[in-house]
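**Q** Structure incoming, see below.
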Amino acid sequence: MAQPSKAFETLAAKRAEAKLGGGQARIDAQHQKKKLTARERLELLFDDGSFEELGALVTHRSSLFGLDKQQFLGDGVITCYGKVNGRLTYAYAQDFTVLGGSLAEAHAEKICRLMDLALDNGAPIVGLNDSGGARIQEGVVSLGGYADLFYRNTLASGVIPQLSLIMGPCAGGAVYSPALTDFIGMVEGNSYMFVTGPNVVKTVTHQDVTSEELGGASAHASKSGVTHFTYSNGALAIEGFRTLLRYLPQNNQDGVSLLPYTSSGSELRPNLDKAVPESALQPYDMREVIAEVADSESFLEVHRDFAENMIVGFARLGGRCIGIVANQPAHLAGVLDIPASTKGARFVRFCDAFSIPLLVLVDVPGFLPGTDQEWNGIIVHGAKLLYAFSEATVPRITVITRKAYGGAYDVMNSKHIGADLNYAWPSAEIAVMGAKGAAEIIFKGEISASSEPAALLAKKEAEYAEAFANPYQAAARGYVDEVIFPHETRAKLLRAFSMLENKSVSRPKRKHGNIPL
């Protein structure tokens, strides 16, 4: 057998060197932190043996501050393409073992090239972030590299799905690329995001705070809403993103994700007839309604720990992917506040950008009152949700299960702002406000002059409830297309979304609208 040539030996050695990243010692240190290496993460993300690496032999071009003595093949990021769930996907993984995964000229160029390929070929891109930030030895070149990424994130927005998984540090300017993508995931205890770190916070504000408290997975999942998903370890995080990609189209021209579906029999769901309690004051879990309406175990909730009075997520209905937006009566009575409004608006806009039909489940008593809400801009934030629904041209269906009061009735995908079909259960109450508050206002003079004000208020409250605490006046006006028994809901929705699958809407030509940001 002929001996391999020197050229072959050189290539084999360089490939082996590239696979070692920053070296075995740093790989071991990564493992000691209970973190996977960049290459291990990509092997979990892609279908077995399917990914092809690009730019493995790229190196940086700087000689300042000792960088000439720290040359690593790949320059701290692995860029590649392959198959995820059998579909073309692009991904990059920052390698913390190489110069702390820091981003500079060559590192950024590799990612930009990959993003260009993803956009040109209409396929999702996944970023696995684990970086110490900008490579300060390269100065402004590093900042320029970040800006190049941000620009491409913006160009790709609404064209291809962009996903970011934070698997280590992500600080300073590095946070803005994930923030511009569609969905962010974080690993508990091993990842954090912040613009300024704990040391700067202490210097400026004199607050003592840890990295985890300031920008860990829990903080961003429940307080800021920056991250949509959290996972207990890196392997589960990657599996979670593989699952998420199953619901998403390849691009904005690809159409809705479909799975084969065969009905197991009747599509009626008797359990829904018991979903809404007799008392209008008693809460219930809207997730139980979603579980009955959607295909079995198909609901993938987004932003679960943030703004819990609003539920958003993906599900399948007859195999078809849909987006679900729902008030949650089990938390703050399902009221709309600032976090819930922005959470819902962001999700609606994603679904509309990628032609994913929307199902809206309504049980909302109104907007949350209070100085905190008003001074922090509930008017503008509530308008975001209103704008997002009004702008959406995908099939949109609303089911009112119980309360739909005041401006919140309008905002939650009412017929007046372009919903295609609106259903109501017999338990629905569609009115300007609750019966008690309405009676106190309408009959204020009469009640105050009465010798028995409490009895008169109760009587007037009952009269108002009889007139308005039902869906029939709205149905008489055509604001509700049909009042249905709860158990019919799934069957109705299956037919309705099928009927709307070829919906096409023309809008006036414009550069873009001016959503109230």
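In the structure tokens, the first chain shown is A, the next is B, and so on; residue numbers restart at 1 for each chain, and ligands run from 1 in the order shown.
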Mind checking which residues fall within 10 Å of Glu301 in chain A, counting only C-alpha atoms, ignoring those fewer than 3 positions away in the same chain, and posting them as a ChimeraX atom specification?

**A** /A:228-229,244,287,298,304-305,311-315,323-324

**Q** With C-alpha atoms retained, write the just-selected residues as a compact mmCIF listing (two decimals), in the first residue's frame.

**A**
```txt
# COMPACT_ATOMS: atom_id res chain seq x y z
CA HIS A 228 -37.92 32.07 26.27
CA PHE A 229 -36.72 28.67 27.50
CA LEU A 244 -38.65 23.66 18.74
CA ARG A 287 -53.54 24.93 29.87
CA SER A 298 -48.30 18.65 21.23
CA ARG A 304 -43.60 29.84 30.48
CA ASP A 305 -42.12 31.63 33.51
CA ILE A 311 -49.87 31.81 27.74
CA VAL A 312 -48.19 31.57 24.34
CA GLY A 313 -46.78 28.59 22.49
CA PHE A 314 -46.93 26.22 19.56
CA ALA A 315 -49.22 23.24 19.18
CA GLY A 323 -49.61 29.40 17.48
CA ILE A 324 -51.70 29.76 20.62
```

**Q** Env of Ala404 in chain A: 8 Å cut, atoms = only C-alpha atoms, seq-sep filter 3 positions within chain, self excluded. Answer as a list in words.

**A**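 Within the cut-off, the hits are Val362, Asp363, Val364, Pro365, Gly366, Ile400, Ala408, Tyr409, Ala428, Glu429, Ile430 and Ala431 of chain A.
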
**Q** Quick check for you: according to DSSP on this backbone, which residues of range 268-511 of chain A are classed as strand (DSSP E)? Reply as an MDAnalysis selection string.

**A** chainID A and resid 300:302 310:317 320:327 358:364 396:405 421:424 429:431 482:483

**Q** Suppose we keep N, CA and C atoms; can you now write the selection as a compact mmCIF listing (two decimals), in the first residue's frame?

**A**
```txt
# COMPACT_ATOMS: atom_id res chain seq x y z
N LEU A 300 -46.18 23.13 22.96
CA LEU A 300 -44.84 23.55 23.37
C LEU A 300 -44.93 25.00 23.83
N GLU A 301 -44.91 25.20 25.15
CA GLU A 301 -45.10 26.55 25.69
C GLU A 301 -43.83 27.37 25.56
N VAL A 302 -44.01 28.63 25.22
CA VAL A 302 -42.92 29.60 25.08
C VAL A 302 -43.05 30.62 26.22
N MET A 310 -50.44 35.41 30.78
CA MET A 310 -50.59 35.18 29.35
C MET A 310 -49.85 33.91 28.97
N ILE A 311 -50.49 33.04 28.21
CA ILE A 311 -49.87 31.81 27.74
C ILE A 311 -49.66 31.93 26.23
N VAL A 312 -48.45 31.63 25.78
CA VAL A 312 -48.19 31.57 24.34
C VAL A 312 -47.39 30.30 24.05
N GLY A 313 -47.54 29.78 22.86
CA GLY A 313 -46.78 28.59 22.49
C GLY A 313 -47.28 27.98 21.21
N PHE A 314 -46.58 26.94 20.78
CA PHE A 314 -46.93 26.22 19.56
C PHE A 314 -47.64 24.92 19.90
N ALA A 315 -48.53 24.52 19.03
CA ALA A 315 -49.22 23.24 19.18
C ALA A 315 -49.55 22.70 17.80
N ARG A 316 -50.07 21.51 17.77
CA ARG A 316 -50.55 20.97 16.50
C ARG A 316 -52.05 20.72 16.61
N LEU A 317 -52.72 20.99 15.51
CA LEU A 317 -54.16 20.76 15.42
C LEU A 317 -54.39 19.99 14.13
N ARG A 320 -51.33 20.08 11.94
CA ARG A 320 -50.91 21.41 11.48
C ARG A 320 -50.37 22.23 12.64
N CYS A 321 -49.22 22.87 12.46
CA CYS A 321 -48.67 23.73 13.50
C CYS A 321 -49.50 25.01 13.59
N ILE A 322 -49.86 25.39 14.81
CA ILE A 322 -50.54 26.65 15.07
C ILE A 322 -49.86 27.35 16.24
N GLY A 323 -50.04 28.65 16.31
CA GLY A 323 -49.61 29.40 17.48
C GLY A 323 -50.81 29.66 18.38
N ILE A 324 -50.62 29.54 19.66
CA ILE A 324 -51.70 29.76 20.62
C ILE A 324 -51.36 30.94 21.52
N VAL A 325 -52.31 31.86 21.65
CA VAL A 325 -52.21 32.98 22.57
C VAL A 325 -53.44 32.90 23.47
N ALA A 326 -53.23 32.85 24.79
CA ALA A 326 -54.36 32.63 25.69
C ALA A 326 -54.18 33.38 27.00
N ASN A 327 -55.25 33.95 27.48
CA ASN A 327 -55.24 34.49 28.85
C ASN A 327 -55.21 33.33 29.83
N LEU A 358 -53.07 31.42 13.96
CA LEU A 358 -53.19 31.78 15.37
C LEU A 358 -54.54 31.38 15.94
N LEU A 359 -54.50 30.73 17.10
CA LEU A 359 -55.69 30.45 17.89
C LEU A 359 -55.59 31.28 19.16
N VAL A 360 -56.64 32.05 19.45
CA VAL A 360 -56.64 32.93 20.62
C VAL A 360 -57.76 32.49 21.56
N LEU A 361 -57.40 32.14 22.79
CA LEU A 361 -58.36 31.72 23.81
C LEU A 361 -58.51 32.86 24.82
N VAL A 362 -59.73 33.35 24.97
CA VAL A 362 -59.94 34.59 25.71
C VAL A 362 -60.71 34.37 27.01
N ASP A 363 -60.12 34.81 28.09
CA ASP A 363 -60.81 34.97 29.37
C ASP A 363 -60.10 36.11 30.08
N VAL A 364 -60.51 37.34 29.78
CA VAL A 364 -59.76 38.51 30.22
C VAL A 364 -60.68 39.54 30.87
N ARG A 396 -56.73 33.61 11.68
CA ARG A 396 -56.85 33.97 13.10
C ARG A 396 -58.24 33.59 13.60
N ILE A 397 -58.28 32.76 14.62
CA ILE A 397 -59.55 32.31 15.19
C ILE A 397 -59.54 32.56 16.70
N THR A 398 -60.64 33.09 17.19
CA THR A 398 -60.78 33.40 18.62
C THR A 398 -61.88 32.55 19.24
N VAL A 399 -61.62 32.06 20.44
CA VAL A 399 -62.64 31.37 21.24
C VAL A 399 -62.72 32.09 22.58
N ILE A 400 -63.89 32.66 22.90
CA ILE A 400 -64.09 33.33 24.18
C ILE A 400 -64.70 32.31 25.14
N THR A 401 -63.95 31.97 26.17
CA THR A 401 -64.41 30.95 27.10
C THR A 401 -65.22 31.53 28.24
N ARG A 402 -64.84 32.74 28.69
CA ARG A 402 -65.57 33.35 29.81
C ARG A 402 -65.55 34.87 29.63
N LYS A 403 -64.77 35.59 30.40
CA LYS A 403 -64.83 37.05 30.37
C LYS A 403 -64.12 37.64 29.16
N ALA A 404 -64.72 38.67 28.59
CA ALA A 404 -64.08 39.49 27.56
C ALA A 404 -64.58 40.91 27.80
N TYR A 405 -63.88 41.62 28.65
CA TYR A 405 -64.35 42.92 29.14
C TYR A 405 -63.53 44.08 28.56
N LEU A 421 -62.59 34.20 12.34
CA LEU A 421 -63.74 33.56 12.96
C LEU A 421 -63.67 33.76 14.46
N ASN A 422 -64.80 34.05 15.05
CA ASN A 422 -64.87 34.23 16.50
C ASN A 422 -65.98 33.36 17.06
N TYR A 423 -65.60 32.47 17.96
CA TYR A 423 -66.54 31.60 18.65
C TYR A 423 -66.65 32.03 20.11
N ALA A 424 -67.76 31.70 20.72
CA ALA A 424 -67.92 31.94 22.16
C ALA A 424 -68.61 30.74 22.78
N GLU A 429 -68.91 36.10 28.73
CA GLU A 429 -69.47 37.38 29.17
C GLU A 429 -68.76 38.48 28.39
N ILE A 430 -69.44 39.07 27.43
CA ILE A 430 -68.84 40.08 26.57
C ILE A 430 -69.50 41.42 26.89
N ALA A 431 -68.74 42.28 27.57
CA ALA A 431 -69.33 43.53 28.04
C ALA A 431 -68.24 44.57 28.27
N GLU A 482 -70.41 32.26 16.06
CA GLU A 482 -71.23 31.14 16.53
C GLU A 482 -70.99 30.94 18.02
N VAL A 483 -72.06 30.70 18.74
CA VAL A 483 -71.96 30.27 20.13
C VAL A 483 -71.96 28.74 20.11
```

**Q** If you measure from CA of Leu44 in chain A to CA of Gly234 in chain A, what distance in Å do you get, rounded to one decimal?

**A**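 Taking CA of Leu44 in chain A and CA of Gly234 in chain A, their separation equals 9.7 Å.
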
**Q** At what distance in Å, to one decimal, does CA of Gly407 in chain A lie from CA of Pro369 in chain A?

**A**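 CA of Gly407 in chain A lies at a distance of 12.5 Å from CA of Pro369 in chain A.
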
**Q** How many Å lie between CA of Pro516 in chain A and CA of Leu336 in chain A, rounded to one decimal?

**A**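 A separation of 16.8 Å between them.
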
**Q** Which of these residues is nearest to Ala475 in chain A, using only C-alpha atoms: A:Trp425, A:Ile78, A:Leu57, A:Ala291?

**A**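 Closest residue, counting only C-alpha atoms: A:Trp425.
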
**Q** Within 10 Å of Glu213 in chain A, counting only C-alpha atoms, which residues qualify if same-chain residues fewer than 5 places away don't, as a ChimeraX atom specification?

**A** /A:192,198,208,218-220

**Q** Pick out each residue of range 120-229 of chain A that DSSP on the backbone tags as alpha helix (DSSP H); I need them as JSON, numbers by chain.

**A** {"A": [120, 121, 140, 141, 142, 143, 144, 145, 146, 147, 148, 149, 150, 151, 152, 153, 154, 155, 156, 176, 177, 178, 179, 180, 198, 199, 200, 201, 202, 203, 204, 205, 211, 212, 213, 214, 215, 217, 218, 219]}

**Q** Can you spit out the residues from that selection as a PDB file, in the first residue's frame, using C-alpha atoms?

**A**
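That gives us out_6.pdb:
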```pdb
ATOM      1  CA  ASP A 120     -29.481  32.735   0.644  1.00  0.00           C
ATOM      2  CA  ASN A 121     -30.638  29.140   1.027  1.00  0.00           C
ATOM      3  CA  VAL A 140     -12.403  48.299  17.375  1.00  0.00           C
ATOM      4  CA  VAL A 141     -12.190  45.400  14.905  1.00  0.00           C
ATOM      5  CA  SER A 142     -14.042  43.308  17.493  1.00  0.00           C
ATOM      6  CA  LEU A 143     -16.765  45.926  17.810  1.00  0.00           C
ATOM      7  CA  GLY A 144     -17.101  46.041  14.037  1.00  0.00           C
ATOM      8  CA  GLY A 145     -17.491  42.271  13.999  1.00  0.00           C
ATOM      9  CA  TYR A 146     -20.413  42.473  16.418  1.00  0.00           C
ATOM     10  CA  ALA A 147     -22.098  45.164  14.339  1.00  0.00           C
ATOM     11  CA  ASP A 148     -21.725  43.002  11.233  1.00  0.00           C
ATOM     12  CA  LEU A 149     -23.626  40.241  13.066  1.00  0.00           C
ATOM     13  CA  PHE A 150     -26.340  42.610  14.276  1.00  0.00           C
ATOM     14  CA  TYR A 151     -26.931  43.883  10.744  1.00  0.00           C
ATOM     15  CA  ARG A 152     -27.331  40.362   9.381  1.00  0.00           C
ATOM     16  CA  ASN A 153     -29.643  39.397  12.268  1.00  0.00           C
ATOM     17  CA  THR A 154     -31.866  42.283  11.243  1.00  0.00           C
ATOM     18  CA  LEU A 155     -31.812  41.373   7.539  1.00  0.00           C
ATOM     19  CA  ALA A 156     -32.695  37.764   8.359  1.00  0.00           C
ATOM     20  CA  TYR A 176     -27.546  42.055  21.204  1.00  0.00           C
ATOM     21  CA  SER A 177     -27.189  39.395  18.535  1.00  0.00           C
ATOM     22  CA  PRO A 178     -29.261  36.874  20.573  1.00  0.00           C
ATOM     23  CA  ALA A 179     -31.696  39.664  21.452  1.00  0.00           C
ATOM     24  CA  LEU A 180     -32.328  40.214  17.731  1.00  0.00           C
ATOM     25  CA  PRO A 198     -21.548  42.628  38.550  1.00  0.00           C
ATOM     26  CA  ASN A 199     -18.305  44.596  39.009  1.00  0.00           C
ATOM     27  CA  VAL A 200     -19.563  47.529  36.935  1.00  0.00           C
ATOM     28  CA  VAL A 201     -22.926  47.405  38.688  1.00  0.00           C
ATOM     29  CA  LYS A 202     -21.189  47.593  42.059  1.00  0.00           C
ATOM     30  CA  THR A 203     -18.971  50.482  40.967  1.00  0.00           C
ATOM     31  CA  VAL A 204     -21.836  52.541  39.574  1.00  0.00           C
ATOM     32  CA  THR A 205     -24.756  51.642  41.852  1.00  0.00           C
ATOM     33  CA  SER A 211     -23.631  36.958  37.788  1.00  0.00           C
ATOM     34  CA  GLU A 212     -26.432  34.446  38.341  1.00  0.00           C
ATOM     35  CA  GLU A 213     -28.651  36.954  40.156  1.00  0.00           C
ATOM     36  CA  LEU A 214     -27.970  39.670  37.615  1.00  0.00           C
ATOM     37  CA  GLY A 215     -28.308  37.751  34.393  1.00  0.00           C
ATOM     38  CA  ALA A 217     -31.340  31.810  33.362  1.00  0.00           C
ATOM     39  CA  SER A 218     -33.876  32.181  36.179  1.00  0.00           C
ATOM     40  CA  ALA A 219     -33.634  35.980  36.242  1.00  0.00           C
TER      41      ALA A 219
END
```

**Q** I want to know what sits within 10 Å of Glu374 in chain A, based on only C-alpha atoms, with residues of the same chain fewer than 5 positions away left out; could you give that as a list in words?

**A**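 These residues fall inside the cut-off: Asp337, Ile338, Leu368, Pro369, Ile379 and Val380 of chain A.
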
**Q** Could you give me, as a list in words, the residues within 12 Å of Lys460 in chain A, counting only C-alpha atoms and dropping anything in the same chain fewer than 3 positions from it?

**A**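 Listed by chain and then number, they are Ala435, Lys436, Gly437, Ala438, Ala439, Glu440, Ile441, Ile442, Phe443, Lys444, Glu446, Ile447, Pro453, Ala454, Ala455, Leu456, Leu457, Glu463, Tyr464, Ala465, Glu466 and Ala467 of chain A.
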